[in-house]
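What follows is a set of notes on a single structure, which appears directly below.
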Amino acid sequence: MKIIIEDIGPDEEEAVIIRCREVDEAVMQLVNGLKLKKEKLTVRQGEKILQIEPGDIYYFEAVDNKVFLYLEKNVYETKLKLYELERRFAGTDFFRVSKSVILNLAKVKNFTPEFSGRFEALMKNGERVGISRQYVPLLKNKLGISVSYTHLRA
């Protein structure tokens, strides 16, 4: 693969051109990653309204009909619903791990299997986030880990 970077003038619009034989998952991840870098999420903290870069978000959590996003040290509220966030960040490192949580896989330090088929994610900031057993096979697939269904047999 050849990578070409050109300097442009201040009046010219920035552009990224991807030339490929096939639009596969790797190309889509690249496209979504580029979009994510330019996008900001508007959030609230009390009376303050802020713009947050998605790459700084550790996870989203729905609690009592409100959605919060967790950064390394701060928590903010967003007016978006989890399903809207899931759609908005499809194809990126954001991954649904339970009915109420979307996790940024880029902020996970490690995963630990737990009793009853659940997993736990240890985040880079030291927080622990539970992963529901119904989402574990999807997570394993996303991470490229072989999935065994032998424990589901009667």
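Chain labels A, B, ... are given in the sequence in which chains occur in the structure tokens; within each chain residues are numbered consecutively from 1, and ligands are likewise numbered from 1 in the order shown.
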Fewer than 2 positions away in the same chain doesn't count, so skip those; otherwise give me all residues within 12 Å of Lys142 of chain A, counting only C-alpha atoms, as a list in words. Glu25, Gly91, Thr92, Asp93, Phe94, Phe95, Arg96, Val97, Leu105, Tyr135, Val136, Pro137, Leu138, Leu139, Lys140, Gly144, Ile145, Ser146 and Val147 of chain A
Hey, can you spit out that residue selection with N, CA, C and O atoms as a PDB file, in the first residue's frame?
ATOM      1  N   GLU A  25     -13.806  -4.640   5.551  1.00  0.00           N
ATOM      2  CA  GLU A  25     -13.949  -4.149   6.926  1.00  0.00           C
ATOM      3  C   GLU A  25     -12.798  -3.228   7.320  1.00  0.00           C
ATOM      4  O   GLU A  25     -12.994  -2.225   7.997  1.00  0.00           O
ATOM      5  N   GLY A  91     -18.923   0.617  13.404  1.00  0.00           N
ATOM      6  CA  GLY A  91     -17.684   0.438  12.645  1.00  0.00           C
ATOM      7  C   GLY A  91     -16.465   1.045  13.308  1.00  0.00           C
ATOM      8  O   GLY A  91     -15.388   1.048  12.729  1.00  0.00           O
ATOM      9  N   THR A  92     -16.617   1.581  14.521  1.00  0.00           N
ATOM     10  CA  THR A  92     -15.486   2.152  15.255  1.00  0.00           C
ATOM     11  C   THR A  92     -15.163   1.245  16.441  1.00  0.00           C
ATOM     12  O   THR A  92     -15.663   0.128  16.527  1.00  0.00           O
ATOM     13  N   ASP A  93     -14.363   1.730  17.367  1.00  0.00           N
ATOM     14  CA  ASP A  93     -14.008   0.953  18.552  1.00  0.00           C
ATOM     15  C   ASP A  93     -15.115   0.932  19.599  1.00  0.00           C
ATOM     16  O   ASP A  93     -14.976   0.276  20.628  1.00  0.00           O
ATOM     17  N   PHE A  94     -16.212   1.644  19.373  1.00  0.00           N
ATOM     18  CA  PHE A  94     -17.321   1.624  20.325  1.00  0.00           C
ATOM     19  C   PHE A  94     -18.143   0.362  20.092  1.00  0.00           C
ATOM     20  O   PHE A  94     -18.523   0.050  18.963  1.00  0.00           O
ATOM     21  N   PHE A  95     -18.429  -0.366  21.188  1.00  0.00           N
ATOM     22  CA  PHE A  95     -19.075  -1.670  21.084  1.00  0.00           C
ATOM     23  C   PHE A  95     -20.061  -1.852  22.230  1.00  0.00           C
ATOM     24  O   PHE A  95     -19.718  -1.625  23.386  1.00  0.00           O
ATOM     25  N   ARG A  96     -21.263  -2.273  21.904  1.00  0.00           N
ATOM     26  CA  ARG A  96     -22.301  -2.501  22.921  1.00  0.00           C
ATOM     27  C   ARG A  96     -21.955  -3.752  23.714  1.00  0.00           C
ATOM     28  O   ARG A  96     -21.734  -4.806  23.144  1.00  0.00           O
ATOM     29  N   VAL A  97     -21.894  -3.627  25.058  1.00  0.00           N
ATOM     30  CA  VAL A  97     -21.527  -4.762  25.907  1.00  0.00           C
ATOM     31  C   VAL A  97     -22.644  -5.162  26.871  1.00  0.00           C
ATOM     32  O   VAL A  97     -22.510  -6.163  27.582  1.00  0.00           O
ATOM     33  N   LEU A 105     -13.531   0.171  23.062  1.00  0.00           N
ATOM     34  CA  LEU A 105     -12.549  -0.903  23.179  1.00  0.00           C
ATOM     35  C   LEU A 105     -11.112  -0.388  23.208  1.00  0.00           C
ATOM     36  O   LEU A 105     -10.226  -1.038  23.757  1.00  0.00           O
ATOM     37  N   TYR A 135     -23.613 -10.663  25.170  1.00  0.00           N
ATOM     38  CA  TYR A 135     -22.748  -9.876  24.288  1.00  0.00           C
ATOM     39  C   TYR A 135     -21.332 -10.453  24.188  1.00  0.00           C
ATOM     40  O   TYR A 135     -20.554 -10.028  23.344  1.00  0.00           O
ATOM     41  N   VAL A 136     -20.994 -11.409  25.054  1.00  0.00           N
ATOM     42  CA  VAL A 136     -19.646 -11.987  25.064  1.00  0.00           C
ATOM     43  C   VAL A 136     -19.282 -12.634  23.729  1.00  0.00           C
ATOM     44  O   VAL A 136     -18.196 -12.377  23.204  1.00  0.00           O
ATOM     45  N   PRO A 137     -20.156 -13.463  23.108  1.00  0.00           N
ATOM     46  CA  PRO A 137     -19.782 -14.044  21.808  1.00  0.00           C
ATOM     47  C   PRO A 137     -19.514 -12.981  20.736  1.00  0.00           C
ATOM     48  O   PRO A 137     -18.586 -13.114  19.936  1.00  0.00           O
ATOM     49  N   LEU A 138     -20.299 -11.905  20.730  1.00  0.00           N
ATOM     50  CA  LEU A 138     -20.093 -10.819  19.762  1.00  0.00           C
ATOM     51  C   LEU A 138     -18.766 -10.111  20.023  1.00  0.00           C
ATOM     52  O   LEU A 138     -18.040  -9.759  19.090  1.00  0.00           O
ATOM     53  N   LEU A 139     -18.453  -9.917  21.299  1.00  0.00           N
ATOM     54  CA  LEU A 139     -17.184  -9.290  21.673  1.00  0.00           C
ATOM     55  C   LEU A 139     -16.018 -10.166  21.246  1.00  0.00           C
ATOM     56  O   LEU A 139     -15.037  -9.680  20.665  1.00  0.00           O
ATOM     57  N   LYS A 140     -16.112 -11.465  21.532  1.00  0.00           N
ATOM     58  CA  LYS A 140     -15.040 -12.389  21.145  1.00  0.00           C
ATOM     59  C   LYS A 140     -14.833 -12.364  19.635  1.00  0.00           C
ATOM     60  O   LYS A 140     -13.697 -12.355  19.156  1.00  0.00           O
ATOM     61  N   GLY A 144     -11.563 -11.191  17.571  1.00  0.00           N
ATOM     62  CA  GLY A 144     -10.884 -12.274  16.853  1.00  0.00           C
ATOM     63  C   GLY A 144     -10.560 -13.468  17.725  1.00  0.00           C
ATOM     64  O   GLY A 144      -9.635 -14.231  17.433  1.00  0.00           O
ATOM     65  N   ILE A 145     -11.339 -13.649  18.798  1.00  0.00           N
ATOM     66  CA  ILE A 145     -11.151 -14.788  19.694  1.00  0.00           C
ATOM     67  C   ILE A 145     -12.147 -15.862  19.288  1.00  0.00           C
ATOM     68  O   ILE A 145     -13.317 -15.569  19.047  1.00  0.00           O
ATOM     69  N   SER A 146     -11.703 -17.118  19.225  1.00  0.00           N
ATOM     70  CA  SER A 146     -12.631 -18.192  18.838  1.00  0.00           C
ATOM     71  C   SER A 146     -13.729 -18.316  19.877  1.00  0.00           C
ATOM     72  O   SER A 146     -13.498 -18.207  21.076  1.00  0.00           O
ATOM     73  N   VAL A 147     -14.932 -18.546  19.391  1.00  0.00           N
ATOM     74  CA  VAL A 147     -16.115 -18.641  20.250  1.00  0.00           C
ATOM     75  C   VAL A 147     -16.491 -20.102  20.402  1.00  0.00           C
ATOM     76  O   VAL A 147     -16.629 -20.826  19.432  1.00  0.00           O
TER      77      VAL A 147
END
For segment 107-112 of chain A, find every residue with an atom within 12 Å (counting only C-alpha atoms), except residues of its own chain fewer than 2 positions away, and show them as a ChimeraX atom specification. /A:54-59,70-72,93-95,97,102-105,114-115,117-131,136,139-140,143,145
If you run DSSP on this backbone, which residues of segment 27-154 of chain A come out as strand (DSSP E or B), and could you give them as an MDAnalysis selection string? chainID A and resid 41:45 48:52 59:63 66:70 75:78 94:98 101:104 108:113 119:123 128:131
For a quick check of understanding, using only C-alpha atoms, which of A:Leu80, A:Ile3, A:Ala62, A:Leu30 has the smallest distance to Arg44 of chain A?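 For Arg44 of chain A, the nearest of the candidates is A:Leu80.
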